[in-house]
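File shown here: my_file_6.cif, holding mmCIF, C-alpha atoms.
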data_target
#
loop_
_atom_site.label_atom_id
_atom_site.label_comp_id
_atom_site.auth_asym_id
_atom_site.auth_seq_id
_atom_site.Cartn_x
_atom_site.Cartn_y
_atom_site.Cartn_z
CA MET A 1 104.21 104.92 135.47
CA THR A 2 102.07 106.47 138.20
CA ARG A 3 103.18 109.54 140.13
CA GLU A 4 103.42 107.53 143.37
CA ARG A 5 105.56 104.83 141.75
CA PHE A 6 107.82 107.49 140.27
CA ILE A 7 108.25 109.21 143.65
CA ASP A 8 109.04 105.86 145.30
CA LEU A 9 111.79 105.20 142.76
CA VAL A 10 113.13 108.74 143.12
CA ARG A 11 113.18 108.44 146.91
CA ALA A 12 115.61 105.52 146.58
CA GLU A 13 117.77 107.30 144.01
CA GLN A 14 117.80 110.88 145.28
CA GLU A 15 120.99 110.60 147.32
CA PRO A 16 123.14 108.99 144.57
CA LEU A 17 121.69 111.47 142.08
CA ARG A 18 122.53 114.48 144.25
CA ARG A 19 126.01 113.10 144.99
CA PHE A 20 126.64 112.53 141.28
CA LEU A 21 125.71 116.13 140.47
CA LEU A 22 127.63 117.43 143.49
CA GLY A 23 130.74 115.79 142.03
CA LEU A 24 130.05 117.22 138.58
CA CYS A 25 129.41 120.69 140.02
CA CYS A 26 132.69 120.43 141.97
CA GLY A 27 131.12 120.88 145.40
CA ASP A 28 128.55 123.57 144.58
CA ASP A 29 125.66 121.91 146.45
CA VAL A 30 123.09 124.63 145.66
CA LEU A 31 123.71 124.32 141.94
CA ALA A 32 123.84 120.51 142.13
CA ASP A 33 120.45 120.36 143.88
CA ASP A 34 118.97 122.82 141.40
CA ILE A 35 120.09 120.66 138.46
CA ALA A 36 118.83 117.56 140.31
CA GLN A 37 115.38 119.18 140.70
CA ASP A 38 115.38 120.07 137.02
CA ALA A 39 116.35 116.50 136.12
CA LEU A 40 113.56 115.05 138.28
CA VAL A 41 110.96 117.28 136.62
CA ARG A 42 112.19 116.27 133.16
CA ALA A 43 112.22 112.62 134.17
CA TYR A 44 108.68 112.92 135.53
CA VAL A 45 107.39 114.46 132.30
CA ALA A 46 109.14 111.76 130.24
CA SER A 47 108.35 108.90 132.64
CA GLY A 48 105.85 107.46 130.15
CA ASN A 49 108.80 106.77 127.84
CA PHE A 50 110.60 104.67 130.44
CA LEU A 51 110.00 101.10 129.31
CA GLY A 52 112.17 99.37 131.90
CA LEU A 53 114.72 98.24 129.32
CA SER A 54 117.48 99.68 131.50
CA LYS A 55 117.74 100.31 135.24
CA PHE A 56 115.76 103.30 136.49
CA SER A 57 118.94 104.78 137.96
CA THR A 58 120.73 104.54 134.61
CA TRP A 59 117.84 106.33 132.89
CA LEU A 60 117.65 109.00 135.60
CA PHE A 61 121.42 109.61 135.62
CA ARG A 62 121.36 110.01 131.86
CA ILE A 63 118.67 112.69 132.13
CA ALA A 64 120.60 114.36 134.95
CA TYR A 65 123.77 114.39 132.86
CA ASN A 66 121.87 115.96 129.96
CA CYS A 67 120.55 118.64 132.36
CA TYR A 68 124.09 119.27 133.54
CA ILE A 69 125.30 119.59 129.93
CA ASP A 70 122.46 122.04 129.22
CA HIS A 71 123.50 124.06 132.24
CA CYS A 72 127.13 124.13 131.05
CA ARG A 73 126.02 125.46 127.67
CA LYS A 74 124.06 128.33 129.19
CA PRO A 75 125.59 131.74 128.54
CA GLY A 76 127.08 133.45 131.59
CA ARG A 77 128.00 130.15 133.16
CA GLU A 78 131.70 131.09 133.40
CA HIS A 79 130.90 134.04 135.65
CA ALA A 80 128.74 131.92 137.92
CA ALA A 81 131.39 129.19 138.05
CA LEU A 82 134.00 131.77 139.06
CA GLU A 83 131.77 133.01 141.87
CA SER A 84 131.17 129.47 143.11
CA ARG A 85 134.93 128.80 143.02
CA GLU A 86 135.53 131.91 145.10
CA ALA A 87 132.84 130.83 147.54
CA LEU A 88 134.47 127.44 147.86
CA ALA A 89 137.90 128.91 148.40
CA VAL A 90 136.88 131.00 151.42
CA PRO A 91 135.96 128.77 154.33
CA SER A 92 133.36 130.23 156.68
CA GLY A 93 131.05 128.47 159.14
CA ASP A 94 130.50 124.76 159.84
CA ALA A 95 129.81 123.73 156.28
CA SER A 96 133.23 125.01 155.27
CA ASP A 97 135.02 122.20 157.14
CA SER A 98 133.75 119.52 154.81
CA ARG A 99 134.25 121.81 151.84
CA PHE A 100 137.85 122.41 152.85
CA ARG A 101 138.46 118.66 153.06
CA TYR A 102 137.28 118.26 149.49
CA GLN A 103 138.73 121.49 148.16
CA GLN A 104 141.77 119.90 146.53
CA LEU A 105 139.65 117.21 144.89
CA TYR A 106 137.03 119.64 143.59
CA GLN A 107 139.62 122.03 142.25
CA ALA A 108 141.33 119.13 140.46
CA LEU A 109 138.01 117.92 139.03
CA GLU A 110 137.28 121.40 137.79
CA ARG A 111 140.50 121.43 135.77
CA ILE A 112 140.03 118.16 133.86
CA PRO A 113 137.87 117.77 130.70
CA GLU A 114 134.11 117.18 131.24
CA LYS A 115 134.04 113.65 129.79
CA GLU A 116 136.89 112.56 132.05
CA LYS A 117 135.27 114.20 135.07
CA VAL A 118 131.93 112.48 134.57
CA ALA A 119 133.60 109.10 133.99
CA ILE A 120 135.66 109.51 137.19
CA VAL A 121 132.62 110.64 139.22
CA LEU A 122 130.45 107.74 138.05
CA PHE A 123 133.13 105.09 138.44
CA TYR A 124 134.72 106.09 141.76
CA PHE A 125 131.97 108.01 143.57
CA GLU A 126 128.89 106.14 142.35
CA ASP A 127 130.52 102.71 141.87
CA LYS A 128 128.90 102.32 138.46
CA SER A 129 130.18 99.61 136.15
CA ILE A 130 131.76 100.45 132.81
CA LYS A 131 128.64 99.06 131.10
CA GLU A 132 126.36 101.38 133.09
CA ILE A 133 128.59 104.39 132.48
CA SER A 134 128.59 103.50 128.82
CA ALA A 135 124.76 103.54 128.83
CA ILE A 136 124.55 106.80 130.80
CA LEU A 137 127.01 108.66 128.60
CA ASP A 138 125.93 106.96 125.37
CA MET A 139 129.46 106.03 124.40
CA PRO A 140 131.26 102.70 123.80
CA ALA A 141 132.84 100.94 126.78
CA GLY A 142 136.30 101.38 125.27
CA THR A 143 135.84 105.14 125.17
CA VAL A 144 134.72 105.16 128.81
CA LYS A 145 137.89 103.23 129.77
CA TYR A 146 139.97 105.70 127.80
CA HIS A 147 138.37 108.69 129.59
CA LEU A 148 138.89 107.00 132.97
CA SER A 149 142.54 106.33 132.26
CA SER A 150 143.10 109.80 130.85
CA GLY A 151 141.21 111.37 133.78
CA ARG A 152 143.36 109.53 136.32
CA GLY A 153 146.44 110.76 134.50
CA HIS A 154 145.23 114.36 134.66
CA LEU A 155 144.13 114.12 138.30
CA LYS A 156 147.57 112.87 139.32
CA GLN A 157 148.98 116.20 138.14
CA TYR A 158 146.62 118.22 140.33
CA ILE A 159 146.21 116.12 143.47
CA GLN A 160 149.04 115.88 145.98
CA LEU A 161 148.79 112.51 147.70
CA MET B 1 144.32 99.74 143.70
CA SER B 2 146.57 102.75 143.22
CA GLU B 3 147.00 105.54 145.73
CA LEU B 4 144.92 107.90 143.61
CA GLU B 5 142.09 105.40 143.29
CA GLN B 6 142.08 104.91 147.07
CA TYR B 7 142.04 108.68 147.53
CA LEU B 8 139.02 108.99 145.22
CA LYS B 9 137.19 106.18 147.01
CA ASP B 10 137.89 107.85 150.36
CA HIS B 11 136.71 111.26 149.17
CA LYS B 12 133.24 110.45 147.89
CA PRO B 13 131.20 113.66 148.10
CA VAL B 14 128.75 113.70 150.98
CA VAL B 15 125.35 115.24 150.38
CA LYS B 16 123.66 117.17 153.17
CA ASP B 17 120.52 115.56 154.52
CA ASP B 18 117.79 117.77 153.12
CA PRO B 19 114.19 116.70 153.85
CA THR B 20 112.83 119.55 151.74
CA PHE B 21 114.50 118.25 148.57
CA LEU B 22 111.83 115.68 147.75
CA LEU B 23 109.03 118.02 148.82
CA GLU B 24 110.36 120.70 146.49
CA ALA B 25 110.62 118.09 143.71
CA GLN B 26 106.99 117.07 144.28
CA ARG B 27 105.92 120.72 144.21
CA ARG B 28 107.66 121.16 140.86
CA MET B 29 106.08 117.93 139.58
CA ASP B 30 102.65 119.27 140.47
CA ALA B 31 103.46 122.45 138.60
CA VAL B 32 104.23 120.54 135.38
CA SER B 33 101.41 118.00 135.63
CA GLY B 34 99.58 119.79 132.77
CA ILE B 35 102.63 119.50 130.51
CA LYS B 36 102.99 115.82 131.43
CA GLY B 37 99.34 115.22 130.56
CA GLU B 38 99.86 116.80 127.15
CA VAL B 39 103.08 114.79 126.53
CA ASP B 40 101.28 111.56 127.50
CA ARG B 41 98.35 112.43 125.24
CA GLN B 42 100.69 113.08 122.28
CA ARG B 43 102.55 109.83 122.92
CA ARG B 44 99.29 107.86 122.98
CA HIS B 45 98.19 109.63 119.80
CA GLY B 46 101.54 108.77 118.13
CA ARG B 47 101.28 105.12 119.12
CA ARG B 48 97.69 104.91 117.84
CA ALA B 49 98.71 106.51 114.52
CA LEU B 50 101.61 104.06 114.22
CA ILE B 51 99.36 101.04 114.82
CA ILE B 52 96.77 102.34 112.33
CA ALA B 53 99.50 102.93 109.71
CA LEU B 54 100.89 99.44 110.31
CA CYS B 55 97.47 97.81 109.97
CA ALA B 56 96.64 99.85 106.87
CA GLY B 57 100.00 98.93 105.29
CA LEU B 58 99.47 95.29 106.10
CA PHE B 59 95.93 95.30 104.71
CA LEU B 60 96.93 97.09 101.50
CA GLY B 61 99.93 94.80 101.03
CA VAL B 62 97.76 91.71 101.39
CA ALA B 63 95.12 93.18 99.07
CA VAL B 64 97.64 94.06 96.34
CA SER B 65 99.31 90.64 96.64
CA ALA B 66 95.94 88.92 96.40
CA ILE B 67 94.95 90.94 93.33
CA ALA B 68 98.31 90.22 91.70
CA PHE B 69 97.94 86.53 92.50
CA PHE B 70 94.32 86.02 91.46
CA TYR B 71 94.23 88.43 88.52
CA PRO B 72 97.63 88.13 86.83
CA VAL B 73 98.28 90.54 83.96
CA ASN B 74 100.06 89.60 80.77
CA PRO B 75 103.10 91.93 80.64
CA GLU B 76 103.00 92.18 76.88
CA SER B 77 99.47 93.53 76.98
CA VAL B 78 100.50 96.53 79.05
CA GLY B 79 103.79 97.17 77.28
CA GLN B 80 104.62 100.39 75.44
CA GLY B 81 103.29 102.39 78.38
CA ILE B 82 104.95 104.95 80.62
CA LEU B 83 106.86 102.25 82.51
CA ASP B 84 108.61 101.15 79.33
CA SER B 85 109.56 104.75 78.58
CA LEU B 86 110.90 105.15 82.08
CA ARG B 87 112.92 101.94 81.82
CA LEU B 88 114.34 103.05 78.48
CA PHE B 89 115.24 106.45 79.97
CA LEU B 90 117.02 104.86 82.90
CA GLN B 91 118.91 102.48 80.64
CA SER B 92 120.04 105.33 78.39
CA TYR B 93 121.11 107.76 81.11
CA LYS B 94 122.17 105.49 83.94
CA GLU B 95 125.75 106.87 83.91
CA TYR B 96 124.49 110.41 84.50
CA LEU B 97 121.99 109.39 87.15
CA LEU B 98 124.50 107.48 89.21
CA LEU B 99 126.35 110.53 90.58
CA PRO B 100 123.28 112.52 91.81
CA THR B 101 121.82 109.34 93.30
CA ALA B 102 125.04 108.66 95.21
CA LEU B 103 125.19 112.29 96.39
CA ILE B 104 121.58 112.18 97.60
CA ALA B 105 122.24 108.89 99.43
CA ILE B 106 125.31 110.36 101.16
CA ALA B 107 123.41 113.54 102.08
CA LEU B 108 120.53 111.49 103.50
CA ALA B 109 122.93 109.34 105.50
CA LEU B 110 124.59 112.46 106.95
CA VAL B 111 121.24 114.04 107.83
CA LEU B 112 120.03 110.84 109.51
CA PHE B 113 123.31 110.48 111.43
CA ARG B 114 123.14 114.10 112.65
CA ASN B 115 119.49 113.71 113.63
CA LYS B 116 120.28 110.56 115.59
CA ARG B 117 123.08 112.28 117.50
CA GLY B 118 120.91 115.34 118.06
CA SER B 119 117.99 113.32 119.41
CA ALA B 120 120.29 111.32 121.68
CA TRP B 121 121.36 114.53 123.43
CA GLY B 122 118.29 116.65 123.09
CA ALA B 123 115.45 114.18 123.49
CA LEU B 124 115.25 114.68 127.21
#
Now, as a test, write the supplied structure out as structure tokens.
Amino acid sequence: MTRERFIDLVRAEQEPLRRFLLGLCCGDDVLADDIAQDALVRAYVASGNFLGLSKFSTWLFRIAYNCYIDHCRKPGREHAALESREALAVPSGDASDSRFRYQQLYQALERIPEKEKVAIVLFYFEDKSIKEISAILDMPAGTVKYHLSSGRGHLKQYIQL
Amino acid sequence: MSELEQYLKDHKPVVKDDPTFLLEAQRRMDAVSGIKGEVDRQRRHGRRALIIALCAGLFLGVAVSAIAFFYPVNPESVGQGILDSLRLFLQSYKEYLLLPTALIAIALALVLFRNKRGSAWGAL
């Protein structure tokens, strides 16, 4: 795959990719964009391995999810997550209005297990099918359905409708 | 659709329009172009090695089959050799060899399974 072709494909997928990571990072847009950049670099280096057997977006989301997992495993992540939570909790400036609107959702997402969170984000925010989620997360469709159901159950406890 | 599902659909995160995002991505891509070149070179090298190994295996297989077909050997004339000793050994001690063989097979299966899971997460 040429560099130009890769950039064309990324141009079409950058918004869903950033939104996906924004959901996973519970509203921390700086962190989400940083992971997205990391994912794009990794995808670019590995683009020769992309054979077109799956959709480009599925392949890219899988790399992005792996980057996110790597970030979660980094030492000192808890401290950074706490700081970002504090930043989200204190509204200041124009950007805080949209953050405030999503605050309840992001705080709820932060409290549910990772697998449930990613299944919820992909299914409800990215409108991915169970089959696609199954390919992105490398797990059987039945397991994805279980995480979705379990995630909904957990979210109900934290979100006041 | 339940109330929660509607809530989730209505609260899709909205990303800020950032024209510098793609430019920054391209800048980072330029920075790793050397690494990409090396990865591509290694992949090409791996593919070439695989094709050569496949061709060599095919050629040797055909050659050995042809030799076995055109120059058959009388088994009795080559009896009493090391193969017969080995067969006799296996026949005599097959009960004792079964357990280590099974253990090795299980260990190999576990190693392969762990490697597969590891590569699925860590390949990219």
Which residues, protein or nucleic acid, reach to within 12 Å of (100.7, 114.5, 129.6) in the file's coordinates when using only C-alpha atoms, and can you give that as a PyMOL selection string? (chain A and resi 1-3+44-49) or (chain B and resi 29+32-45)
Suppose a student applies the PyMOL selection byres ((chain B) within 12 of (chain A)) to this structure; what residues should they get, written as a PyMOL selection string? chain B and resi 1-44+47+116-124
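Straight-line separation from CA of Arg111 (chain A) to CA of Gln157 (chain A): 10.2 Å.
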Straight-line distance linking CA of Tyr146 (chain A) with CA of Lys55 (chain A), stated in Å to one decimal: 24.1 Å
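Distances here use all atoms listed in the file; by that measure, the residue among A:Met139, A:Leu148, A:Ser57, A:Tyr158 closest to Gln104 (chain A) is A:Tyr158.
Here CA of Ser134 (chain A) and CA of Thr58 (chain A) stand 9.8 Å from one another.
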